[in-house]
file input.cif (mmCIF, N, CA and C atoms)
data_model
loop_
_atom_site.label_atom_id
_atom_site.label_comp_id
_atom_site.auth_asym_id
_atom_site.auth_seq_id
_atom_site.Cartn_x
_atom_site.Cartn_y
_atom_site.Cartn_z
N MET A 16 -2.36 -16.11 -11.67
CA MET A 16 -3.17 -16.98 -12.50
C MET A 16 -2.82 -16.74 -13.96
N SER A 17 -2.60 -17.80 -14.71
CA SER A 17 -2.31 -17.63 -16.13
C SER A 17 -3.57 -17.84 -16.94
N SER A 18 -3.46 -17.51 -18.20
CA SER A 18 -4.61 -17.64 -19.08
C SER A 18 -4.30 -18.61 -20.20
N ASP A 19 -5.28 -18.85 -21.04
CA ASP A 19 -5.11 -19.80 -22.13
C ASP A 19 -4.15 -19.31 -23.20
N LYS A 20 -3.90 -18.05 -23.28
CA LYS A 20 -3.03 -17.50 -24.33
C LYS A 20 -1.70 -17.01 -23.75
N ASN A 21 -1.26 -17.62 -22.65
CA ASN A 21 0.02 -17.32 -22.03
C ASN A 21 0.13 -15.90 -21.50
N PHE A 22 -0.95 -15.30 -21.16
CA PHE A 22 -0.94 -14.02 -20.48
C PHE A 22 -0.81 -14.27 -18.99
N PHE A 23 -0.35 -13.28 -18.25
CA PHE A 23 -0.37 -13.39 -16.80
C PHE A 23 -1.00 -12.13 -16.22
N TRP A 24 -1.59 -12.31 -15.05
CA TRP A 24 -2.25 -11.21 -14.35
C TRP A 24 -1.24 -10.41 -13.54
N HIS A 25 -1.46 -9.14 -13.45
CA HIS A 25 -0.78 -8.31 -12.47
C HIS A 25 -1.58 -7.03 -12.33
N GLY A 26 -1.17 -6.21 -11.42
CA GLY A 26 -1.91 -4.97 -11.20
C GLY A 26 -1.01 -3.89 -10.63
N ILE A 27 -1.57 -2.70 -10.62
CA ILE A 27 -0.86 -1.53 -10.10
C ILE A 27 -1.80 -0.79 -9.16
N LEU A 28 -1.29 -0.46 -8.00
CA LEU A 28 -2.07 0.26 -6.99
C LEU A 28 -1.31 1.51 -6.60
N ASN A 29 -2.00 2.64 -6.55
CA ASN A 29 -1.33 3.84 -6.03
C ASN A 29 -2.28 4.62 -5.13
N LEU A 30 -1.67 5.35 -4.23
CA LEU A 30 -2.38 6.18 -3.25
C LEU A 30 -2.07 7.63 -3.57
N ASN A 31 -3.12 8.39 -3.87
CA ASN A 31 -2.99 9.82 -4.18
C ASN A 31 -2.03 10.09 -5.34
N ASP A 32 -1.96 9.20 -6.29
CA ASP A 32 -1.09 9.35 -7.47
C ASP A 32 0.38 9.55 -7.10
N LEU A 33 0.78 9.04 -5.94
CA LEU A 33 2.18 9.12 -5.51
C LEU A 33 2.78 7.73 -5.56
N GLY A 34 3.68 7.50 -6.48
CA GLY A 34 4.31 6.19 -6.59
C GLY A 34 3.31 5.13 -6.98
N ALA A 35 3.77 3.90 -7.04
CA ALA A 35 2.89 2.80 -7.41
C ALA A 35 3.42 1.51 -6.81
N HIS A 36 2.52 0.60 -6.52
CA HIS A 36 2.87 -0.72 -6.01
C HIS A 36 2.36 -1.74 -7.02
N ALA A 37 3.26 -2.57 -7.55
CA ALA A 37 2.86 -3.64 -8.46
C ALA A 37 2.54 -4.88 -7.65
N PHE A 38 1.51 -5.61 -8.05
CA PHE A 38 1.17 -6.86 -7.39
C PHE A 38 0.90 -7.93 -8.44
N PHE A 39 1.11 -9.19 -8.04
CA PHE A 39 1.01 -10.29 -9.00
C PHE A 39 0.07 -11.39 -8.55
N ASP A 40 -0.35 -11.40 -7.31
CA ASP A 40 -1.26 -12.42 -6.82
C ASP A 40 -2.69 -11.96 -7.08
N VAL A 41 -3.22 -12.35 -8.23
CA VAL A 41 -4.56 -11.95 -8.65
C VAL A 41 -5.40 -13.22 -8.79
N LYS A 42 -6.59 -13.19 -8.22
CA LYS A 42 -7.49 -14.34 -8.27
C LYS A 42 -8.80 -13.95 -8.95
N ILE A 43 -9.46 -14.96 -9.51
CA ILE A 43 -10.76 -14.77 -10.16
C ILE A 43 -11.83 -15.37 -9.25
N LYS A 44 -12.87 -14.61 -8.98
CA LYS A 44 -14.01 -15.08 -8.19
C LYS A 44 -15.18 -15.23 -9.15
N LYS A 45 -15.62 -16.49 -9.33
CA LYS A 45 -16.67 -16.75 -10.33
C LYS A 45 -18.07 -16.46 -9.82
N ASN A 46 -18.35 -16.73 -8.58
CA ASN A 46 -19.71 -16.57 -8.05
C ASN A 46 -19.91 -15.17 -7.51
N VAL A 47 -20.43 -14.30 -8.36
CA VAL A 47 -20.68 -12.92 -7.97
C VAL A 47 -22.17 -12.78 -7.68
N PRO A 48 -22.54 -12.48 -6.44
CA PRO A 48 -23.97 -12.35 -6.11
C PRO A 48 -24.63 -11.26 -6.96
N ASP A 49 -25.83 -11.54 -7.40
CA ASP A 49 -26.65 -10.57 -8.15
C ASP A 49 -26.05 -10.16 -9.49
N ALA A 50 -25.04 -10.85 -9.96
CA ALA A 50 -24.43 -10.49 -11.26
C ALA A 50 -23.93 -11.75 -11.95
N PRO A 51 -24.84 -12.57 -12.49
CA PRO A 51 -24.42 -13.85 -13.07
C PRO A 51 -23.52 -13.73 -14.30
N ASN A 52 -23.52 -12.60 -14.95
CA ASN A 52 -22.68 -12.42 -16.15
C ASN A 52 -21.37 -11.72 -15.86
N GLN A 53 -21.00 -11.68 -14.58
CA GLN A 53 -19.75 -11.01 -14.21
C GLN A 53 -18.89 -11.94 -13.37
N VAL A 54 -17.60 -11.63 -13.33
CA VAL A 54 -16.66 -12.31 -12.45
C VAL A 54 -15.96 -11.23 -11.62
N GLY A 55 -15.41 -11.66 -10.51
CA GLY A 55 -14.65 -10.73 -9.69
C GLY A 55 -13.17 -10.95 -9.90
N ILE A 56 -12.43 -9.87 -10.00
CA ILE A 56 -10.97 -9.93 -10.05
C ILE A 56 -10.50 -9.35 -8.73
N MET A 57 -9.72 -10.13 -7.97
CA MET A 57 -9.38 -9.68 -6.63
C MET A 57 -7.92 -9.90 -6.29
N THR A 58 -7.46 -9.11 -5.32
CA THR A 58 -6.12 -9.27 -4.79
C THR A 58 -6.09 -8.84 -3.33
N SER A 59 -5.23 -9.50 -2.57
CA SER A 59 -4.89 -9.04 -1.23
C SER A 59 -3.36 -8.89 -1.14
N ASP A 60 -2.72 -8.94 -2.30
CA ASP A 60 -1.26 -8.81 -2.43
C ASP A 60 -0.88 -7.33 -2.47
N ILE A 61 -1.21 -6.64 -1.39
CA ILE A 61 -1.01 -5.19 -1.36
C ILE A 61 -0.35 -4.79 -0.05
N PRO A 62 0.38 -3.70 -0.06
CA PRO A 62 1.01 -3.24 1.19
C PRO A 62 -0.07 -2.70 2.12
N PRO A 63 0.22 -2.64 3.41
CA PRO A 63 -0.76 -2.11 4.36
C PRO A 63 -0.86 -0.58 4.25
N LEU A 64 -1.62 -0.13 3.27
CA LEU A 64 -1.74 1.32 3.05
C LEU A 64 -2.74 1.94 4.01
N PRO A 65 -2.32 2.93 4.79
CA PRO A 65 -3.27 3.62 5.66
C PRO A 65 -4.16 4.53 4.82
N MET A 66 -5.43 4.60 5.19
CA MET A 66 -6.40 5.37 4.41
C MET A 66 -6.97 6.50 5.25
N ASN A 67 -6.80 7.72 4.77
CA ASN A 67 -7.38 8.90 5.41
C ASN A 67 -8.58 9.37 4.59
N GLU A 68 -9.38 10.22 5.18
CA GLU A 68 -10.60 10.68 4.52
C GLU A 68 -10.31 11.44 3.23
N SER A 69 -9.18 12.11 3.14
CA SER A 69 -8.86 12.91 1.95
C SER A 69 -8.07 12.13 0.89
N ASP A 70 -7.77 10.85 1.16
CA ASP A 70 -6.97 10.04 0.22
C ASP A 70 -7.83 9.46 -0.91
N THR A 71 -7.15 9.08 -1.99
CA THR A 71 -7.79 8.36 -3.09
C THR A 71 -6.87 7.22 -3.52
N LEU A 72 -7.43 6.01 -3.56
CA LEU A 72 -6.72 4.84 -4.05
C LEU A 72 -7.12 4.61 -5.50
N HIS A 73 -6.18 4.15 -6.31
CA HIS A 73 -6.48 3.81 -7.70
C HIS A 73 -5.84 2.46 -7.99
N VAL A 74 -6.62 1.54 -8.57
CA VAL A 74 -6.11 0.21 -8.91
C VAL A 74 -6.39 -0.08 -10.38
N THR A 75 -5.45 -0.79 -11.00
CA THR A 75 -5.60 -1.26 -12.38
C THR A 75 -5.20 -2.73 -12.42
N PHE A 76 -6.08 -3.57 -12.98
CA PHE A 76 -5.78 -4.98 -13.20
C PHE A 76 -5.45 -5.16 -14.68
N LEU A 77 -4.32 -5.83 -14.95
CA LEU A 77 -3.84 -5.99 -16.32
C LEU A 77 -3.57 -7.46 -16.64
N LEU A 78 -3.72 -7.80 -17.91
CA LEU A 78 -3.22 -9.05 -18.45
C LEU A 78 -2.04 -8.68 -19.33
N GLU A 79 -0.94 -9.43 -19.22
CA GLU A 79 0.27 -9.09 -19.96
C GLU A 79 0.88 -10.33 -20.59
N ASN A 80 1.49 -10.13 -21.74
CA ASN A 80 2.21 -11.18 -22.44
C ASN A 80 3.45 -10.56 -23.05
N ASN A 81 4.60 -11.16 -22.80
CA ASN A 81 5.85 -10.70 -23.40
C ASN A 81 6.24 -11.67 -24.50
N VAL A 82 6.29 -11.16 -25.72
CA VAL A 82 6.66 -11.97 -26.88
C VAL A 82 7.90 -11.34 -27.49
N GLY A 83 9.03 -12.01 -27.34
CA GLY A 83 10.28 -11.43 -27.82
C GLY A 83 10.55 -10.13 -27.10
N LEU A 84 10.75 -9.08 -27.84
CA LEU A 84 11.01 -7.77 -27.24
C LEU A 84 9.74 -6.94 -27.10
N ASN A 85 8.61 -7.52 -27.45
CA ASN A 85 7.35 -6.78 -27.40
C ASN A 85 6.54 -7.17 -26.17
N THR A 86 6.02 -6.18 -25.49
CA THR A 86 5.13 -6.40 -24.35
C THR A 86 3.73 -6.00 -24.76
N VAL A 87 2.80 -6.94 -24.57
CA VAL A 87 1.40 -6.68 -24.87
C VAL A 87 0.65 -6.62 -23.55
N ARG A 88 0.02 -5.48 -23.26
CA ARG A 88 -0.73 -5.29 -22.02
C ARG A 88 -2.17 -4.92 -22.35
N TYR A 89 -3.09 -5.56 -21.61
CA TYR A 89 -4.50 -5.23 -21.74
C TYR A 89 -5.03 -4.80 -20.39
N ARG A 90 -5.60 -3.62 -20.34
CA ARG A 90 -6.21 -3.12 -19.11
C ARG A 90 -7.60 -3.76 -19.02
N VAL A 91 -7.78 -4.63 -18.05
CA VAL A 91 -9.03 -5.37 -17.91
C VAL A 91 -10.00 -4.63 -17.01
N ALA A 92 -9.50 -4.04 -15.94
CA ALA A 92 -10.37 -3.32 -15.01
C ALA A 92 -9.56 -2.27 -14.27
N GLU A 93 -10.22 -1.17 -13.96
CA GLU A 93 -9.58 -0.17 -13.10
C GLU A 93 -10.66 0.59 -12.36
N ALA A 94 -10.28 1.10 -11.21
CA ALA A 94 -11.23 1.84 -10.39
C ALA A 94 -10.47 2.73 -9.41
N SER A 95 -11.17 3.74 -8.94
CA SER A 95 -10.65 4.61 -7.89
C SER A 95 -11.58 4.53 -6.69
N PHE A 96 -11.01 4.73 -5.52
CA PHE A 96 -11.79 4.69 -4.28
C PHE A 96 -11.41 5.89 -3.42
N PRO A 97 -12.35 6.81 -3.19
CA PRO A 97 -12.06 7.97 -2.34
C PRO A 97 -12.21 7.61 -0.86
N GLY A 98 -11.29 8.11 -0.06
CA GLY A 98 -11.29 7.82 1.37
C GLY A 98 -12.56 8.24 2.08
N ASN A 99 -13.22 9.29 1.59
CA ASN A 99 -14.44 9.72 2.27
C ASN A 99 -15.53 8.66 2.21
N GLN A 100 -15.49 7.74 1.22
CA GLN A 100 -16.46 6.64 1.15
C GLN A 100 -16.23 5.65 2.29
N LEU A 101 -14.98 5.41 2.64
CA LEU A 101 -14.67 4.53 3.77
C LEU A 101 -15.22 5.12 5.05
N TYR A 102 -14.96 6.39 5.29
CA TYR A 102 -15.39 7.01 6.54
C TYR A 102 -16.90 7.19 6.61
N GLN A 103 -17.55 7.34 5.47
CA GLN A 103 -19.01 7.39 5.44
C GLN A 103 -19.58 6.02 5.81
N ALA A 104 -18.99 4.94 5.28
CA ALA A 104 -19.44 3.58 5.58
C ALA A 104 -19.23 3.26 7.05
N ILE A 105 -18.14 3.71 7.63
CA ILE A 105 -17.86 3.47 9.05
C ILE A 105 -18.93 4.13 9.91
N LYS A 106 -19.33 5.35 9.56
CA LYS A 106 -20.36 6.07 10.32
C LYS A 106 -21.72 5.38 10.24
N GLU A 107 -21.99 4.70 9.13
CA GLU A 107 -23.29 4.06 8.92
C GLU A 107 -23.43 2.73 9.63
N VAL A 108 -22.32 2.13 10.08
CA VAL A 108 -22.36 0.84 10.76
C VAL A 108 -22.45 1.07 12.26
N ALA A 109 -23.38 0.36 12.89
CA ALA A 109 -23.55 0.51 14.35
C ALA A 109 -22.45 -0.24 15.09
N GLY A 110 -21.97 0.36 16.15
CA GLY A 110 -20.98 -0.28 17.00
C GLY A 110 -19.57 -0.19 16.45
N PRO A 111 -18.61 -0.54 17.29
CA PRO A 111 -17.20 -0.49 16.86
C PRO A 111 -16.89 -1.59 15.84
N GLN A 112 -16.07 -1.26 14.88
CA GLN A 112 -15.70 -2.19 13.82
C GLN A 112 -14.18 -2.37 13.80
N THR A 113 -13.74 -3.59 13.48
CA THR A 113 -12.31 -3.82 13.27
C THR A 113 -12.03 -4.13 11.80
N THR A 114 -13.08 -4.56 11.06
CA THR A 114 -12.96 -4.76 9.62
C THR A 114 -14.22 -4.23 8.96
N ILE A 115 -14.08 -3.81 7.71
CA ILE A 115 -15.24 -3.32 6.97
C ILE A 115 -15.01 -3.55 5.48
N SER A 116 -16.07 -3.95 4.80
CA SER A 116 -16.06 -4.11 3.35
C SER A 116 -16.97 -3.03 2.78
N VAL A 117 -16.43 -2.21 1.90
CA VAL A 117 -17.18 -1.07 1.38
C VAL A 117 -17.46 -1.28 -0.11
N PRO A 118 -18.73 -1.54 -0.48
CA PRO A 118 -19.06 -1.60 -1.90
C PRO A 118 -18.97 -0.19 -2.50
N TYR A 119 -18.35 -0.08 -3.65
CA TYR A 119 -18.24 1.23 -4.29
C TYR A 119 -18.13 1.04 -5.79
N GLU A 120 -19.04 1.65 -6.52
CA GLU A 120 -19.11 1.58 -7.98
C GLU A 120 -19.03 0.14 -8.47
N LYS A 121 -17.90 -0.30 -9.00
CA LYS A 121 -17.83 -1.63 -9.60
C LYS A 121 -17.02 -2.63 -8.80
N GLY A 122 -17.11 -2.55 -7.47
CA GLY A 122 -16.37 -3.51 -6.67
C GLY A 122 -16.55 -3.32 -5.18
N GLU A 123 -15.67 -3.99 -4.42
CA GLU A 123 -15.65 -3.90 -2.97
C GLU A 123 -14.21 -3.69 -2.51
N TRP A 124 -14.06 -2.84 -1.53
CA TRP A 124 -12.75 -2.53 -0.97
C TRP A 124 -12.81 -2.90 0.52
N GLN A 125 -11.88 -3.75 0.97
CA GLN A 125 -11.90 -4.20 2.36
C GLN A 125 -10.76 -3.57 3.15
N PHE A 126 -11.10 -3.17 4.36
CA PHE A 126 -10.16 -2.50 5.25
C PHE A 126 -10.20 -3.15 6.62
N SER A 127 -9.09 -3.04 7.36
CA SER A 127 -9.07 -3.45 8.76
C SER A 127 -8.50 -2.30 9.58
N LYS A 128 -8.92 -2.26 10.83
CA LYS A 128 -8.50 -1.18 11.72
C LYS A 128 -7.30 -1.64 12.54
N GLN A 129 -6.23 -0.87 12.48
CA GLN A 129 -5.02 -1.12 13.27
C GLN A 129 -4.84 0.08 14.19
N GLY A 130 -5.19 -0.09 15.46
CA GLY A 130 -5.18 1.05 16.38
C GLY A 130 -6.28 2.02 16.00
N THR A 131 -5.91 3.20 15.53
CA THR A 131 -6.91 4.17 15.08
C THR A 131 -6.87 4.38 13.57
N THR A 132 -6.05 3.58 12.88
CA THR A 132 -5.84 3.75 11.44
C THR A 132 -6.52 2.63 10.65
N TRP A 133 -7.19 3.00 9.57
CA TRP A 133 -7.79 2.02 8.67
C TRP A 133 -6.79 1.68 7.56
N ILE A 134 -6.58 0.36 7.34
CA ILE A 134 -5.59 -0.15 6.41
C ILE A 134 -6.30 -0.93 5.29
N LEU A 135 -5.93 -0.69 4.04
CA LEU A 135 -6.47 -1.44 2.91
C LEU A 135 -5.97 -2.88 2.97
N ARG A 136 -6.89 -3.86 2.82
CA ARG A 136 -6.52 -5.27 2.88
C ARG A 136 -6.82 -6.04 1.60
N GLN A 137 -7.90 -5.69 0.92
CA GLN A 137 -8.27 -6.46 -0.27
C GLN A 137 -9.09 -5.59 -1.22
N ILE A 138 -8.95 -5.88 -2.52
CA ILE A 138 -9.71 -5.18 -3.55
C ILE A 138 -10.38 -6.23 -4.43
N LEU A 139 -11.66 -6.03 -4.72
CA LEU A 139 -12.41 -6.90 -5.61
C LEU A 139 -13.16 -6.03 -6.60
N LEU A 140 -12.87 -6.21 -7.89
CA LEU A 140 -13.58 -5.46 -8.94
C LEU A 140 -14.37 -6.44 -9.80
N TYR A 141 -15.58 -6.02 -10.20
CA TYR A 141 -16.44 -6.84 -11.04
C TYR A 141 -16.24 -6.49 -12.50
N VAL A 142 -16.14 -7.54 -13.34
CA VAL A 142 -15.88 -7.38 -14.76
C VAL A 142 -16.83 -8.29 -15.53
N PRO A 143 -17.39 -7.82 -16.66
CA PRO A 143 -18.23 -8.70 -17.47
C PRO A 143 -17.44 -9.93 -17.94
N MET A 144 -18.07 -11.10 -17.81
CA MET A 144 -17.40 -12.35 -18.19
C MET A 144 -16.99 -12.33 -19.66
N ALA A 145 -17.81 -11.74 -20.51
CA ALA A 145 -17.50 -11.67 -21.94
C ALA A 145 -16.18 -10.94 -22.19
N GLN A 146 -15.88 -9.96 -21.37
CA GLN A 146 -14.63 -9.20 -21.53
C GLN A 146 -13.42 -10.10 -21.25
N LEU A 147 -13.53 -10.98 -20.26
CA LEU A 147 -12.42 -11.88 -19.94
C LEU A 147 -12.28 -13.02 -20.93
N ARG A 148 -13.36 -13.41 -21.56
CA ARG A 148 -13.31 -14.55 -22.48
C ARG A 148 -12.45 -14.28 -23.71
N LYS A 149 -12.09 -13.03 -23.94
CA LYS A 149 -11.16 -12.73 -25.03
C LYS A 149 -9.80 -13.37 -24.76
N PHE A 150 -9.49 -13.57 -23.47
CA PHE A 150 -8.17 -14.05 -23.07
C PHE A 150 -8.22 -15.41 -22.38
N ILE A 151 -9.31 -15.68 -21.66
CA ILE A 151 -9.40 -16.88 -20.83
C ILE A 151 -10.65 -17.65 -21.25
N LYS A 152 -10.49 -18.93 -21.59
CA LYS A 152 -11.63 -19.74 -22.01
C LYS A 152 -12.69 -19.85 -20.92
N ASP A 153 -12.27 -20.22 -19.73
CA ASP A 153 -13.20 -20.43 -18.62
C ASP A 153 -12.74 -19.62 -17.42
N PRO A 154 -13.15 -18.34 -17.36
CA PRO A 154 -12.70 -17.51 -16.23
C PRO A 154 -13.20 -18.04 -14.90
#
call {"tool": "encode", "arguments": {"input": "input.cif", "output": "structure tokens"}}
result
Amino acid sequence: MSSDKNFFWHGILNLNDLGAHAFFDVKIKKNVPDAPNQVGIMTSDIPPLPMNESDTLHVTFLLENNVGLNTVRYRVAEASFPGNQLYQAIKEVAGPQTTISVPYEKGEWQFSKQGTTWILRQILLYVPMAQLRKFIKDP
């Protein structure tokens, strides 16, 4: 998604601070329940990362503009997700699950079960609309 000032969205995801995966398919979700002054920034453009209880995922959503030889980057949102939160949420849900959405701090992290392994599928972070209006007229 582009913005009014020729910025483009992208993000960086890493597991346990080992390497990083860049992603570019970022969407804006305007209707955030219980938070009328916020928007959701989301992606499912991520590799199928297996999540263990001792793992930590970290995501950063950025707006970037390249002008000549200068790169301008703005960190719009970032969050970390500890694996123990996933396994705690699984224990709290009755019955067998194949997918689960785990609210944590400022967003939701969605996982699906492949065999006995939980795989990250989507990330949604909530951001104040006023913060995005610096770059995008109508987020």
call {"tool": "resolve_selection", "arguments": {"input": "input.cif", "expression": "the PyMOL selection byres ((chain A and resi 93-100) around 6.5)", "output": "PyMOL selection string"}}
result
chain A and resi 66-76+90-92+101-105
call {"tool": "atom_distance", "arguments": {"input": "input.cif", "atom1": "CA of Leu139 in chain A", "atom2": "atom N of Asn21 in chain A"}}
result
23.0 Å
call {"tool": "residues_near_point", "arguments": {"input": "input.cif", "point": "(-16.9, -11.4, -10.8)", "cutoff": "10 Å", "atoms": "only C-alpha atoms", "output": "mmCIF file with N, CA and C atoms, in the coordinates of the input"}}
result
data_model
loop_
_atom_site.group_PDB
_atom_site.id
_atom_site.type_symbol
_atom_site.label_atom_id
_atom_site.label_comp_id
_atom_site.auth_asym_id
_atom_site.auth_seq_id
_atom_site.Cartn_x
_atom_site.Cartn_y
_atom_site.Cartn_z
ATOM 1 N N ILE A 43 -9.460 -14.960 -9.510
ATOM 2 C CA ILE A 43 -10.760 -14.770 -10.160
ATOM 3 C C ILE A 43 -11.830 -15.370 -9.250
ATOM 4 N N LYS A 44 -12.870 -14.610 -8.980
ATOM 5 C CA LYS A 44 -14.010 -15.080 -8.190
ATOM 6 C C LYS A 44 -15.180 -15.230 -9.150
ATOM 7 N N LYS A 45 -15.620 -16.490 -9.330
ATOM 8 C CA LYS A 45 -16.670 -16.750 -10.330
ATOM 9 C C LYS A 45 -18.070 -16.460 -9.820
ATOM 10 N N ASN A 46 -18.350 -16.730 -8.580
ATOM 11 C CA ASN A 46 -19.710 -16.570 -8.050
ATOM 12 C C ASN A 46 -19.910 -15.170 -7.510
ATOM 13 N N VAL A 47 -20.430 -14.300 -8.360
ATOM 14 C CA VAL A 47 -20.680 -12.920 -7.970
ATOM 15 C C VAL A 47 -22.170 -12.780 -7.680
ATOM 16 N N PRO A 48 -22.540 -12.480 -6.440
ATOM 17 C CA PRO A 48 -23.970 -12.350 -6.110
ATOM 18 C C PRO A 48 -24.630 -11.260 -6.960
ATOM 19 N N ALA A 50 -25.040 -10.850 -9.960
ATOM 20 C CA ALA A 50 -24.430 -10.490 -11.260
ATOM 21 C C ALA A 50 -23.930 -11.750 -11.950
ATOM 22 N N PRO A 51 -24.840 -12.570 -12.490
ATOM 23 C CA PRO A 51 -24.420 -13.850 -13.070
ATOM 24 C C PRO A 51 -23.520 -13.730 -14.300
ATOM 25 N N ASN A 52 -23.520 -12.600 -14.950
ATOM 26 C CA ASN A 52 -22.680 -12.420 -16.150
ATOM 27 C C ASN A 52 -21.370 -11.720 -15.860
ATOM 28 N N GLN A 53 -21.000 -11.680 -14.580
ATOM 29 C CA GLN A 53 -19.750 -11.010 -14.210
ATOM 30 C C GLN A 53 -18.890 -11.940 -13.370
ATOM 31 N N VAL A 54 -17.600 -11.630 -13.330
ATOM 32 C CA VAL A 54 -16.660 -12.310 -12.450
ATOM 33 C C VAL A 54 -15.960 -11.230 -11.620
ATOM 34 N N GLY A 55 -15.410 -11.660 -10.510
ATOM 35 C CA GLY A 55 -14.650 -10.730 -9.690
ATOM 36 C C GLY A 55 -13.170 -10.950 -9.900
ATOM 37 N N ILE A 56 -12.430 -9.870 -10.000
ATOM 38 C CA ILE A 56 -10.970 -9.930 -10.050
ATOM 39 C C ILE A 56 -10.500 -9.350 -8.730
ATOM 40 N N MET A 57 -9.720 -10.130 -7.970
ATOM 41 C CA MET A 57 -9.380 -9.680 -6.630
ATOM 42 C C MET A 57 -7.920 -9.900 -6.290
ATOM 43 N N LYS A 121 -17.900 -0.300 -9.000
ATOM 44 C CA LYS A 121 -17.830 -1.630 -9.600
ATOM 45 C C LYS A 121 -17.020 -2.630 -8.800
ATOM 46 N N GLY A 122 -17.110 -2.550 -7.470
ATOM 47 C CA GLY A 122 -16.370 -3.510 -6.670
ATOM 48 C C GLY A 122 -16.550 -3.320 -5.180
ATOM 49 N N LEU A 139 -11.660 -6.030 -4.720
ATOM 50 C CA LEU A 139 -12.410 -6.900 -5.610
ATOM 51 C C LEU A 139 -13.160 -6.030 -6.600
ATOM 52 N N LEU A 140 -12.870 -6.210 -7.890
ATOM 53 C CA LEU A 140 -13.580 -5.460 -8.940
ATOM 54 C C LEU A 140 -14.370 -6.440 -9.800
ATOM 55 N N TYR A 141 -15.580 -6.020 -10.200
ATOM 56 C CA TYR A 141 -16.440 -6.840 -11.040
ATOM 57 C C TYR A 141 -16.240 -6.490 -12.500
ATOM 58 N N VAL A 142 -16.140 -7.540 -13.340
ATOM 59 C CA VAL A 142 -15.880 -7.380 -14.760
ATOM 60 C C VAL A 142 -16.830 -8.290 -15.530
ATOM 61 N N PRO A 143 -17.390 -7.820 -16.660
ATOM 62 C CA PRO A 143 -18.230 -8.700 -17.470
ATOM 63 C C PRO A 143 -17.440 -9.930 -17.940
ATOM 64 N N MET A 144 -18.070 -11.100 -17.810
ATOM 65 C CA MET A 144 -17.400 -12.350 -18.190
ATOM 66 C C MET A 144 -16.990 -12.330 -19.660
ATOM 67 N N PRO A 154 -13.150 -18.340 -17.360
ATOM 68 C CA PRO A 154 -12.700 -17.510 -16.230
ATOM 69 C C PRO A 154 -13.200 -18.040 -14.900
#
call {"tool": "select_by_dssp", "arguments": {"input": "input.cif", "residues": "range 68-151 of chain A", "states": "alpha helix (DSSP H)", "output": "PyMOL selection string"}}
result
chain A and resi 98-107+144-147
call {"tool": "select_by_dssp", "arguments": {"input": "input.cif", "residues": "range 28-132 of chain A", "states": "strand (DSSP E or B)", "output": "count of residues only"}}
result
60
call {"tool": "atom_distance", "arguments": {"input": "input.cif", "atom1": "CA of Ala145 in chain A", "atom2": "CA of Thr58 in chain A"}}
result
20.7 Å
call {"tool": "atom_distance", "arguments": {"input": "input.cif", "atom1": "atom C of Ala35 in chain A", "atom2": "atom N of Pro118 in chain A"}}
result
23.2 Å
call {"tool": "residues_around", "arguments": {"input": "input.cif", "residues": "Asp60 in chain A", "least_positions_apart": "3", "cutoff": "8 Å", "atoms": "all atoms listed in the file", "output": "list in words"}}
result
His36, Ala37, Phe38, Phe39, Asp40, Val41, Met57, Pro63, Arg136, Gln137 and Ile138 of chain A
call {"tool": "resolve_selection", "arguments": {"input": "input.cif", "expression": "the PyMOL selection byres (((chain A and resi 133 and name CA) around 6) and name CA)", "output": "compact mmCIF listing (two decimals) with N, CA and C atoms, keeping the file's coordinate frame"}}
result
# COMPACT_ATOMS: atom_id res chain seq x y z
N PRO A 65 -2.32 2.93 4.79
CA PRO A 65 -3.27 3.62 5.66
C PRO A 65 -4.16 4.53 4.82
N MET A 66 -5.43 4.60 5.19
CA MET A 66 -6.40 5.37 4.41
C MET A 66 -6.97 6.50 5.25
N SER A 127 -9.09 -3.04 7.36
CA SER A 127 -9.07 -3.45 8.76
C SER A 127 -8.50 -2.30 9.58
N LYS A 128 -8.92 -2.26 10.83
CA LYS A 128 -8.50 -1.18 11.72
C LYS A 128 -7.30 -1.64 12.54
N THR A 132 -6.05 3.58 12.88
CA THR A 132 -5.84 3.75 11.44
C THR A 132 -6.52 2.63 10.65
N ILE A 134 -6.58 0.36 7.34
CA ILE A 134 -5.59 -0.15 6.41
C ILE A 134 -6.30 -0.93 5.29
call {"tool": "resolve_selection", "arguments": {"input": "input.cif", "expression": "the PyMOL selection byres (((chain A and resi 79 and name CA) around 6) and name CA)", "output": "list in words"}}
result
Phe22, Phe23, Leu78, Asn80, Val87 and Arg88 of chain A
call {"tool": "write_last_selection", "arguments": {"input": "input.cif", "atoms": "N, CA and C atoms", "output": "compact mmCIF listing (two decimals), keeping the file's coordinate frame"}}
result
# COMPACT_ATOMS: atom_id res chain seq x y z
N PHE A 22 -0.95 -15.30 -21.16
CA PHE A 22 -0.94 -14.02 -20.48
C PHE A 22 -0.81 -14.27 -18.99
N PHE A 23 -0.35 -13.28 -18.25
CA PHE A 23 -0.37 -13.39 -16.80
C PHE A 23 -1.00 -12.13 -16.22
N LEU A 78 -3.72 -7.80 -17.91
CA LEU A 78 -3.22 -9.05 -18.45
C LEU A 78 -2.04 -8.68 -19.33
N ASN A 80 1.49 -10.13 -21.74
CA ASN A 80 2.21 -11.18 -22.44
C ASN A 80 3.45 -10.56 -23.05
N VAL A 87 2.80 -6.94 -24.57
CA VAL A 87 1.40 -6.68 -24.87
C VAL A 87 0.65 -6.62 -23.55
N ARG A 88 0.02 -5.48 -23.26
CA ARG A 88 -0.73 -5.29 -22.02
C ARG A 88 -2.17 -4.92 -22.35
call {"tool": "axis_aligned_box", "arguments": {"input": "input.cif", "around": "range 107-121 of chain A", "padding_each_side": "8 Å", "output": "JSON"}}
result
{"center_x": -17.8, "center_y": 0.0, "center_z": 3.8, "size_x": 27.5, "size_y": 25.5, "size_z": 42.9}
